[in-house]
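Trainee: I have a structure I would like to understand better, so I am pasting it below and will then ask my questions one at a time.
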Amino acid sequence: MDPINILEYEALAQARLERASWDYYQGGSEDETTLRENRAAFARIRLRPRVLVDSSVIDMKTTVMGTPVSMPILVAPTAAHGLAHPDGECATVRGVGAAHTLMVVSTVATRAATEVAKAATGPLWFQLYTHRSLEVTARLVQRAEESGYRALVLTADTPLLGRRERDLRNNFELVNDVSFANYRGEMDHPDKDRHRFDTWETVDWLRTQTKMPLLVKGILTAEDALLALDHGAHGIIVSNHGGRQLDGAIASIEALPEVVEAVAGRCEVLVDGGIRRGTDVLKALTLGARAVLVGRPILWGLTVNGAEGVHHVLELLRAELTLAMRLAGRPTLASIDRSLVKLS
Ligand code: FNR
Ligand code: LAC
């Protein structure tokens, strides 16, 4: 029987995956406070629906950083899809293309960015973890641009991996279980092999290396949002890395309003972390996100049913968002504004 919501995919994926892979995908850092808070914060937000609005026609097509998508729901970069499916990211990208939305492909994908681009039927962005050598980093960025990636996402919240105690307990090491195709032996481990701490100067430098629009991912404060603008970032992704980095960090949906306010329309702001329902997407849009990204649910869909599972997860979210927009009396993206939430 087909799962009827994302949470059913979660349960099915858990039953299928090896324990260590499940824990790597699912876990957060230390006490997993932020991981739980990402969900809890959505539950605290209450909506103020309007009634007797003609919601027969729902329009949720949009663009993000100039890339057209069929809905404001994108796929967040996650590492190592090879743990979930033998085709890894090449399977994921087919499911994402079928849903007519875009995928952000991770630097630490099991398949090379160029190979994922060949398997793609829809738009791609590239998520960057820098290498300690700027030359090697520049080559990777160039390959991504040449193979058709439309934007570059610099992940800023991961100078080192957070302390994921499930992985420590399982003796799980990414490097033992998957090989990273993008840095081909130049980087085997996203933590140990970097030995280089990015700064805002990295953002300045990256802008000289590519014509792709540049987004900074992992921003949680107004202060950093303003710095990102100062350094010429074209977009911001509000994120706490799915609760995998600084434990105790604010839920990303709670950080969103201050970032949106600071940015004041000067760039697009996206958000990820804990999006599991169409109503979560609606809440994020209400608080000023241009679009949302989903991480773990895509891995669950991939585990359970490959590309079709990924596609189905995205269609479930689309159907839920459609219903939520109808029930809230907000048939278009333009009609979704702050008056739809009750801030407590
Ligand atoms: C991630 N995330 C991540 N982010 C990134 O910029 N590069 C990466 O390689 C990864 N890898 C990764 C692996 C796994 C298993 C997870 C769960 C997450 C973070 C990801 O992009 C996103 O911020 C969160 O996953 C969003 O939260 P949800 O939707 O998983 O709750
Ligand atoms: C993670 C890294 C690889 O969250 O981004 O596991």
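Just so we're on the same page: first chain in the structure tokens is A, next is B, and so on; residues restart at 1 for each chain, and ligands are numbered from 1 in the order they show up.
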Residues within 7 Å of ligand 2 should be enumerated using only C-alpha atoms and all ligand atoms and returned as a ChimeraX atom specification.
Mentor: /A:78-79,108,161,190,241,244
Trainee: Would you save the residues of that selection, restricted to N, CA, C and O atoms, as a PDB file, in the first residue's frame?
Mentor:
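Result written to again-v4.pdb:
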ATOM      1  N   THR A  78      21.828  16.777   0.500  1.00  0.00           N
ATOM      2  CA  THR A  78      22.174  15.809   1.544  1.00  0.00           C
ATOM      3  C   THR A  78      23.232  14.869   0.976  1.00  0.00           C
ATOM      4  O   THR A  78      23.238  14.561  -0.216  1.00  0.00           O
ATOM      5  N   ALA A  79      24.109  14.422   1.861  1.00  0.00           N
ATOM      6  CA  ALA A  79      25.258  13.611   1.454  1.00  0.00           C
ATOM      7  C   ALA A  79      24.837  12.167   1.186  1.00  0.00           C
ATOM      8  O   ALA A  79      23.812  11.699   1.682  1.00  0.00           O
ATOM      9  N   VAL A 108      29.350  16.260  -1.247  1.00  0.00           N
ATOM     10  CA  VAL A 108      29.692  14.910  -0.799  1.00  0.00           C
ATOM     11  C   VAL A 108      28.646  13.892  -1.254  1.00  0.00           C
ATOM     12  O   VAL A 108      28.284  12.969  -0.537  1.00  0.00           O
ATOM     13  N   LEU A 161      32.180  18.994  11.262  1.00  0.00           N
ATOM     14  CA  LEU A 161      30.887  18.353  11.514  1.00  0.00           C
ATOM     15  C   LEU A 161      30.541  18.497  12.997  1.00  0.00           C
ATOM     16  O   LEU A 161      31.420  18.462  13.863  1.00  0.00           O
ATOM     17  N   PRO A 190      34.549  14.900   4.579  1.00  0.00           N
ATOM     18  CA  PRO A 190      34.179  16.315   4.532  1.00  0.00           C
ATOM     19  C   PRO A 190      34.640  17.087   5.758  1.00  0.00           C
ATOM     20  O   PRO A 190      34.651  18.310   5.753  1.00  0.00           O
ATOM     21  N   HIS A 241      21.070  23.219   9.467  1.00  0.00           N
ATOM     22  CA  HIS A 241      21.621  21.965   8.950  1.00  0.00           C
ATOM     23  C   HIS A 241      20.837  20.763   9.487  1.00  0.00           C
ATOM     24  O   HIS A 241      21.394  19.700   9.771  1.00  0.00           O
ATOM     25  N   ARG A 244      22.041  19.248  12.890  1.00  0.00           N
ATOM     26  CA  ARG A 244      23.226  18.381  12.881  1.00  0.00           C
ATOM     27  C   ARG A 244      24.504  19.125  13.243  1.00  0.00           C
ATOM     28  O   ARG A 244      25.567  18.523  13.335  1.00  0.00           O
TER      29      ARG A 244
END
Trainee: Could you list, as a count of residues only, all residues that come within 9 Å of ligand 1? Count only C-alpha atoms and all ligand atoms.
Mentor: 57
Trainee: Under the rule of at most 8 Å, produce a per-residue listing of region 100-174 of chain A near region 47-67 of chain A: chain, number, name, the closest pair of atoms, and the distance in Å, as a tab-separated table, using only C-alpha atoms.
Mentor:
residue	atom	partner	partner_atom	distance
A:Pro123	CA	A:Thr67	CA	7.3
A:Arg150	CA	A:Thr67	CA	7.5
A:Ala151	CA	A:Met65	CA	7.8
Trainee: Determine, counting only C-alpha atoms, which protein, DNA and RNA residues have an atom within 12 Å of an atom of region 96-100 of chain A; residues of the same chain fewer than 2 positions away are not included. Present the result as a PDB file with N, CA and C atoms, in the first residue's frame.
Mentor:
ATOM      1  N   MET A  60       0.820  27.654  -7.753  1.00  0.00           N
ATOM      2  CA  MET A  60       2.012  27.722  -6.897  1.00  0.00           C
ATOM      3  C   MET A  60       3.311  27.669  -7.698  1.00  0.00           C
ATOM      4  N   LYS A  61       3.209  27.908  -8.998  1.00  0.00           N
ATOM      5  CA  LYS A  61       4.437  28.005  -9.794  1.00  0.00           C
ATOM      6  C   LYS A  61       5.208  29.243  -9.344  1.00  0.00           C
ATOM      7  N   THR A  62       6.532  29.137  -9.345  1.00  0.00           N
ATOM      8  CA  THR A  62       7.318  30.299  -8.953  1.00  0.00           C
ATOM      9  C   THR A  62       8.711  30.212  -9.580  1.00  0.00           C
ATOM     10  N   THR A  63       9.565  31.144  -9.208  1.00  0.00           N
ATOM     11  CA  THR A  63      10.981  31.055  -9.578  1.00  0.00           C
ATOM     12  C   THR A  63      11.795  31.218  -8.302  1.00  0.00           C
ATOM     13  N   THR A  67      15.381  30.526 -11.317  1.00  0.00           N
ATOM     14  CA  THR A  67      15.086  29.178 -11.814  1.00  0.00           C
ATOM     15  C   THR A  67      13.592  28.892 -11.661  1.00  0.00           C
ATOM     16  N   PRO A  68      12.895  28.568 -12.777  1.00  0.00           N
ATOM     17  CA  PRO A  68      11.465  28.272 -12.658  1.00  0.00           C
ATOM     18  C   PRO A  68      11.233  26.894 -12.033  1.00  0.00           C
ATOM     19  N   VAL A  69      10.273  26.809 -11.128  1.00  0.00           N
ATOM     20  CA  VAL A  69       9.901  25.542 -10.493  1.00  0.00           C
ATOM     21  C   VAL A  69       8.379  25.469 -10.403  1.00  0.00           C
ATOM     22  N   SER A  70       7.849  24.233 -10.333  1.00  0.00           N
ATOM     23  CA  SER A  70       6.396  24.066 -10.338  1.00  0.00           C
ATOM     24  C   SER A  70       5.783  24.332  -8.976  1.00  0.00           C
ATOM     25  N   MET A  71       6.610  24.415  -7.951  1.00  0.00           N
ATOM     26  CA  MET A  71       6.112  24.672  -6.586  1.00  0.00           C
ATOM     27  C   MET A  71       7.252  25.196  -5.728  1.00  0.00           C
ATOM     28  N   PRO A  72       6.908  25.854  -4.610  1.00  0.00           N
ATOM     29  CA  PRO A  72       7.974  26.438  -3.780  1.00  0.00           C
ATOM     30  C   PRO A  72       8.591  25.422  -2.827  1.00  0.00           C
ATOM     31  N   ILE A  73       8.786  24.212  -3.313  1.00  0.00           N
ATOM     32  CA  ILE A  73       9.344  23.121  -2.502  1.00  0.00           C
ATOM     33  C   ILE A  73      10.516  22.534  -3.277  1.00  0.00           C
ATOM     34  N   LEU A  74      11.727  22.687  -2.701  1.00  0.00           N
ATOM     35  CA  LEU A  74      12.952  22.252  -3.369  1.00  0.00           C
ATOM     36  C   LEU A  74      13.607  21.142  -2.559  1.00  0.00           C
ATOM     37  N   VAL A  75      14.626  20.530  -3.155  1.00  0.00           N
ATOM     38  CA  VAL A  75      15.312  19.430  -2.485  1.00  0.00           C
ATOM     39  C   VAL A  75      16.639  19.920  -1.915  1.00  0.00           C
ATOM     40  N   ALA A  76      16.791  19.800  -0.593  1.00  0.00           N
ATOM     41  CA  ALA A  76      17.996  20.253   0.101  1.00  0.00           C
ATOM     42  C   ALA A  76      19.165  19.329  -0.232  1.00  0.00           C
ATOM     43  N   GLU A  89      22.431   9.504  -6.100  1.00  0.00           N
ATOM     44  CA  GLU A  89      21.857  10.785  -6.539  1.00  0.00           C
ATOM     45  C   GLU A  89      21.268  10.715  -7.948  1.00  0.00           C
ATOM     46  N   CYS A  90      21.736   9.760  -8.760  1.00  0.00           N
ATOM     47  CA  CYS A  90      21.184   9.656 -10.124  1.00  0.00           C
ATOM     48  C   CYS A  90      19.736   9.179 -10.084  1.00  0.00           C
ATOM     49  N   ALA A  91      19.374   8.418  -9.066  1.00  0.00           N
ATOM     50  CA  ALA A  91      17.964   8.040  -8.879  1.00  0.00           C
ATOM     51  C   ALA A  91      17.184   9.230  -8.324  1.00  0.00           C
ATOM     52  N   THR A  92      17.734   9.869  -7.314  1.00  0.00           N
ATOM     53  CA  THR A  92      17.046  11.008  -6.682  1.00  0.00           C
ATOM     54  C   THR A  92      16.665  12.051  -7.727  1.00  0.00           C
ATOM     55  N   VAL A  93      17.621  12.359  -8.583  1.00  0.00           N
ATOM     56  CA  VAL A  93      17.427  13.471  -9.512  1.00  0.00           C
ATOM     57  C   VAL A  93      16.314  13.171 -10.530  1.00  0.00           C
ATOM     58  N   ARG A  94      16.120  11.896 -10.833  1.00  0.00           N
ATOM     59  CA  ARG A  94      15.008  11.548 -11.730  1.00  0.00           C
ATOM     60  C   ARG A  94      13.662  11.802 -11.049  1.00  0.00           C
ATOM     61  N   LEU A 102      13.527  21.607  -8.244  1.00  0.00           N
ATOM     62  CA  LEU A 102      14.980  21.571  -8.394  1.00  0.00           C
ATOM     63  C   LEU A 102      15.653  20.890  -7.228  1.00  0.00           C
ATOM     64  N   MET A 103      16.806  20.325  -7.526  1.00  0.00           N
ATOM     65  CA  MET A 103      17.592  19.619  -6.518  1.00  0.00           C
ATOM     66  C   MET A 103      18.908  20.350  -6.305  1.00  0.00           C
ATOM     67  N   VAL A 104      19.266  20.511  -5.038  1.00  0.00           N
ATOM     68  CA  VAL A 104      20.586  21.019  -4.705  1.00  0.00           C
ATOM     69  C   VAL A 104      21.466  19.794  -4.446  1.00  0.00           C
ATOM     70  N   VAL A 105      22.474  19.620  -5.274  1.00  0.00           N
ATOM     71  CA  VAL A 105      23.318  18.424  -5.201  1.00  0.00           C
ATOM     72  C   VAL A 105      24.508  18.706  -4.277  1.00  0.00           C
ATOM     73  N   VAL A 116      25.436  13.359 -12.240  1.00  0.00           N
ATOM     74  CA  VAL A 116      24.078  13.692 -11.791  1.00  0.00           C
ATOM     75  C   VAL A 116      23.433  14.629 -12.815  1.00  0.00           C
ATOM     76  N   ALA A 117      24.230  15.558 -13.348  1.00  0.00           N
ATOM     77  CA  ALA A 117      23.704  16.496 -14.354  1.00  0.00           C
ATOM     78  C   ALA A 117      23.224  15.743 -15.591  1.00  0.00           C
ATOM     79  N   ALA A 119      22.006  12.740 -15.668  1.00  0.00           N
ATOM     80  CA  ALA A 119      20.776  12.000 -15.341  1.00  0.00           C
ATOM     81  C   ALA A 119      19.587  12.938 -15.116  1.00  0.00           C
ATOM     82  N   ALA A 120      19.856  14.245 -15.005  1.00  0.00           N
ATOM     83  CA  ALA A 120      18.805  15.193 -14.610  1.00  0.00           C
ATOM     84  C   ALA A 120      17.861  15.531 -15.748  1.00  0.00           C
ATOM     85  N   THR A 121      16.592  15.729 -15.409  1.00  0.00           N
ATOM     86  CA  THR A 121      15.621  16.232 -16.388  1.00  0.00           C
ATOM     87  C   THR A 121      15.121  17.612 -15.968  1.00  0.00           C
ATOM     88  N   GLY A 122      15.572  18.081 -14.833  1.00  0.00           N
ATOM     89  CA  GLY A 122      15.160  19.399 -14.338  1.00  0.00           C
ATOM     90  C   GLY A 122      16.365  20.177 -13.846  1.00  0.00           C
ATOM     91  N   PRO A 123      16.119  21.376 -13.319  1.00  0.00           N
ATOM     92  CA  PRO A 123      17.209  22.258 -12.902  1.00  0.00           C
ATOM     93  C   PRO A 123      17.960  21.762 -11.665  1.00  0.00           C
ATOM     94  N   LEU A 124      19.249  22.089 -11.628  1.00  0.00           N
ATOM     95  CA  LEU A 124      20.105  21.710 -10.502  1.00  0.00           C
ATOM     96  C   LEU A 124      20.857  22.921  -9.961  1.00  0.00           C
ATOM     97  N   VAL A 294      13.522  20.511   1.472  1.00  0.00           N
ATOM     98  CA  VAL A 294      13.342  19.344   2.344  1.00  0.00           C
ATOM     99  C   VAL A 294      14.556  18.424   2.229  1.00  0.00           C
ATOM    100  N   ILE A 298      13.321  13.250   1.520  1.00  0.00           N
ATOM    101  CA  ILE A 298      13.770  12.791   0.203  1.00  0.00           C
ATOM    102  C   ILE A 298      14.567  11.493   0.350  1.00  0.00           C
ATOM    103  N   LEU A 299      15.380  11.439   1.398  1.00  0.00           N
ATOM    104  CA  LEU A 299      16.158  10.212   1.646  1.00  0.00           C
ATOM    105  C   LEU A 299      15.230   9.049   1.992  1.00  0.00           C
ATOM    106  N   GLY A 301      12.087   8.674   0.878  1.00  0.00           N
ATOM    107  CA  GLY A 301      11.454   8.261  -0.386  1.00  0.00           C
ATOM    108  C   GLY A 301      12.406   7.445  -1.244  1.00  0.00           C
ATOM    109  N   LEU A 302      13.670   7.896  -1.276  1.00  0.00           N
ATOM    110  CA  LEU A 302      14.693   7.201  -2.072  1.00  0.00           C
ATOM    111  C   LEU A 302      14.921   5.785  -1.536  1.00  0.00           C
ATOM    112  N   GLY A 306      13.168   4.337  -4.491  1.00  0.00           N
ATOM    113  CA  GLY A 306      14.018   4.959  -5.502  1.00  0.00           C
ATOM    114  C   GLY A 306      13.444   6.260  -6.048  1.00  0.00           C
ATOM    115  N   ALA A 307      13.633   6.476  -7.352  1.00  0.00           N
ATOM    116  CA  ALA A 307      13.176   7.724  -7.984  1.00  0.00           C
ATOM    117  C   ALA A 307      11.674   7.929  -7.791  1.00  0.00           C
ATOM    118  N   GLU A 308      10.907   6.834  -7.886  1.00  0.00           N
ATOM    119  CA  GLU A 308       9.449   6.966  -7.701  1.00  0.00           C
ATOM    120  C   GLU A 308       9.094   7.396  -6.292  1.00  0.00           C
ATOM    121  N   GLY A 309       9.849   6.881  -5.331  1.00  0.00           N
ATOM    122  CA  GLY A 309       9.617   7.270  -3.935  1.00  0.00           C
ATOM    123  C   GLY A 309       9.890   8.756  -3.727  1.00  0.00           C
ATOM    124  N   VAL A 310      10.981   9.243  -4.330  1.00  0.00           N
ATOM    125  CA  VAL A 310      11.314  10.669  -4.240  1.00  0.00           C
ATOM    126  C   VAL A 310      10.189  11.503  -4.863  1.00  0.00           C
ATOM    127  N   HIS A 311       9.764  11.067  -6.051  1.00  0.00           N
ATOM    128  CA  HIS A 311       8.683  11.775  -6.738  1.00  0.00           C
ATOM    129  C   HIS A 311       7.421  11.796  -5.866  1.00  0.00           C
ATOM    130  N   HIS A 312       7.075  10.646  -5.310  1.00  0.00           N
ATOM    131  CA  HIS A 312       5.845  10.559  -4.510  1.00  0.00           C
ATOM    132  C   HIS A 312       5.905  11.442  -3.258  1.00  0.00           C
ATOM    133  N   VAL A 313       7.063  11.461  -2.601  1.00  0.00           N
ATOM    134  CA  VAL A 313       7.224  12.333  -1.423  1.00  0.00           C
ATOM    135  C   VAL A 313       6.932  13.788  -1.816  1.00  0.00           C
ATOM    136  N   LEU A 314       7.490  14.201  -2.953  1.00  0.00           N
ATOM    137  CA  LEU A 314       7.286  15.588  -3.395  1.00  0.00           C
ATOM    138  C   LEU A 314       5.834  15.836  -3.789  1.00  0.00           C
ATOM    139  N   GLU A 315       5.184  14.831  -4.408  1.00  0.00           N
ATOM    140  CA  GLU A 315       3.771  15.002  -4.781  1.00  0.00           C
ATOM    141  C   GLU A 315       2.867  15.037  -3.547  1.00  0.00           C
ATOM    142  N   LEU A 316       3.217  14.275  -2.514  1.00  0.00           N
ATOM    143  CA  LEU A 316       2.441  14.342  -1.270  1.00  0.00           C
ATOM    144  C   LEU A 316       2.516  15.755  -0.680  1.00  0.00           C
ATOM    145  N   LEU A 317       3.720  16.321  -0.692  1.00  0.00           N
ATOM    146  CA  LEU A 317       3.880  17.682  -0.152  1.00  0.00           C
ATOM    147  C   LEU A 317       3.116  18.694  -1.001  1.00  0.00           C
ATOM    148  N   ARG A 318       3.170  18.497  -2.330  1.00  0.00           N
ATOM    149  CA  ARG A 318       2.448  19.425  -3.212  1.00  0.00           C
ATOM    150  C   ARG A 318       0.933  19.354  -2.944  1.00  0.00           C
ATOM    151  N   ALA A 319       0.425  18.125  -2.808  1.00  0.00           N
ATOM    152  CA  ALA A 319      -1.017  17.955  -2.574  1.00  0.00           C
ATOM    153  C   ALA A 319      -1.414  18.571  -1.228  1.00  0.00           C
TER     154      ALA A 319
END
Trainee: For Leu214 (chain A), which residue among A:Ala40, A:Leu343, A:Leu7, A:Ile236 is the nearest when counting only C-alpha atoms?
Mentor: A:Ile236
Trainee: Could you give me, as a PyMOL selection string, the residues within 8 Å of Phe180 (chain A), counting only C-alpha atoms and dropping anything in the same chain fewer than 3 positions from it?
Mentor: chain A and resi 80+108-112+175+183-185+187-188
Trainee: Nearest to Val141 (chain A): which of A:Leu226, A:Arg166, A:Glu201, A:Thr210 is it, counting only C-alpha atoms?
Mentor: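 The closest residue to Val141 (chain A) is A:Thr210.
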Trainee: I'd like the interatomic distance between CA of Val259 (chain A) and CA of Ala222 (chain A), to a tenth of an Å.
Mentor: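 Distance between the two atoms: 4.7 Å.
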Trainee: Quick one: DSSP helix (DSSP H, G or I) residues in region 9-79 of chain A, as a PyMOL selection string?
Mentor: chain A and resi 9-16+19-26+33-44
Trainee: Which neighbours of Ala264 (chain A) fall inside 12 Å, counting only C-alpha atoms, when residues of the same chain fewer than 5 positions from it are skipped, and could you give them as a PyMOL selection string?
Mentor: chain A and resi 222+225-226+229+257-259+269+288-289
Trainee: Please dump the current selection as a PDB file, in the first residue's frame; keep C-alpha atoms.
Mentor:
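Result went into part20.pdb, see below:
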ATOM      1  CA  ALA A 222      19.944  39.169  11.091  1.00  0.00           C
ATOM      2  CA  ALA A 225      22.126  38.051   6.784  1.00  0.00           C
ATOM      3  CA  LEU A 226      23.385  41.633   6.502  1.00  0.00           C
ATOM      4  CA  LEU A 229      24.400  40.988   1.542  1.00  0.00           C
ATOM      5  CA  PRO A 257      11.406  36.363  10.458  1.00  0.00           C
ATOM      6  CA  GLU A 258      14.488  38.286  11.653  1.00  0.00           C
ATOM      7  CA  VAL A 259      16.421  37.354   8.521  1.00  0.00           C
ATOM      8  CA  VAL A 269      15.381  34.031   1.460  1.00  0.00           C
ATOM      9  CA  GLY A 288       8.589  35.468   4.089  1.00  0.00           C
ATOM     10  CA  ALA A 289      10.401  32.476   2.595  1.00  0.00           C
TER      11      ALA A 289
END
Trainee: Pick out the closest residue to Leu134 (chain A) from this set: A:Ala113, A:Leu220, A:Leu206, A:Ala15. Count only C-alpha atoms.
Mentor: A:Leu206
Trainee: I'd like the interatomic distance between CA of Ala255 (chain A) and CA of Thr279 (chain A), to a tenth of an Å.
Mentor: 17.9 Å
Trainee: Looking at only C-alpha atoms, which of A:Leu327, A:Leu152, A:Leu160, A:Leu174 is the one that sits closest to Gln245 (chain A)?
Mentor: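 Once distances to Gln245 (chain A) are computed over only C-alpha atoms, the minimum belongs to A:Leu160.
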Trainee: Would you please extract all strand (DSSP E) residues from region 48-174 of chain A, as assigned by DSSP on the backbone, and give them as a list in words?
Mentor: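 Here are the strand (DSSP E) residues of region 48-174 of chain A: Thr62, Thr63, Val64, Thr67, Pro68, Val69, Ile73, Leu74, Val75, Met103, Val104, Val105, Leu124, Trp125, Phe126, Gln127, Leu128, Leu152, Val153, Leu154 and Thr155 of chain A.
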Trainee: Can you measure CA of Thr303 (chain A) to CA of Pro86 (chain A) for me? One decimal in Å is fine.
Mentor: 9.8 Å
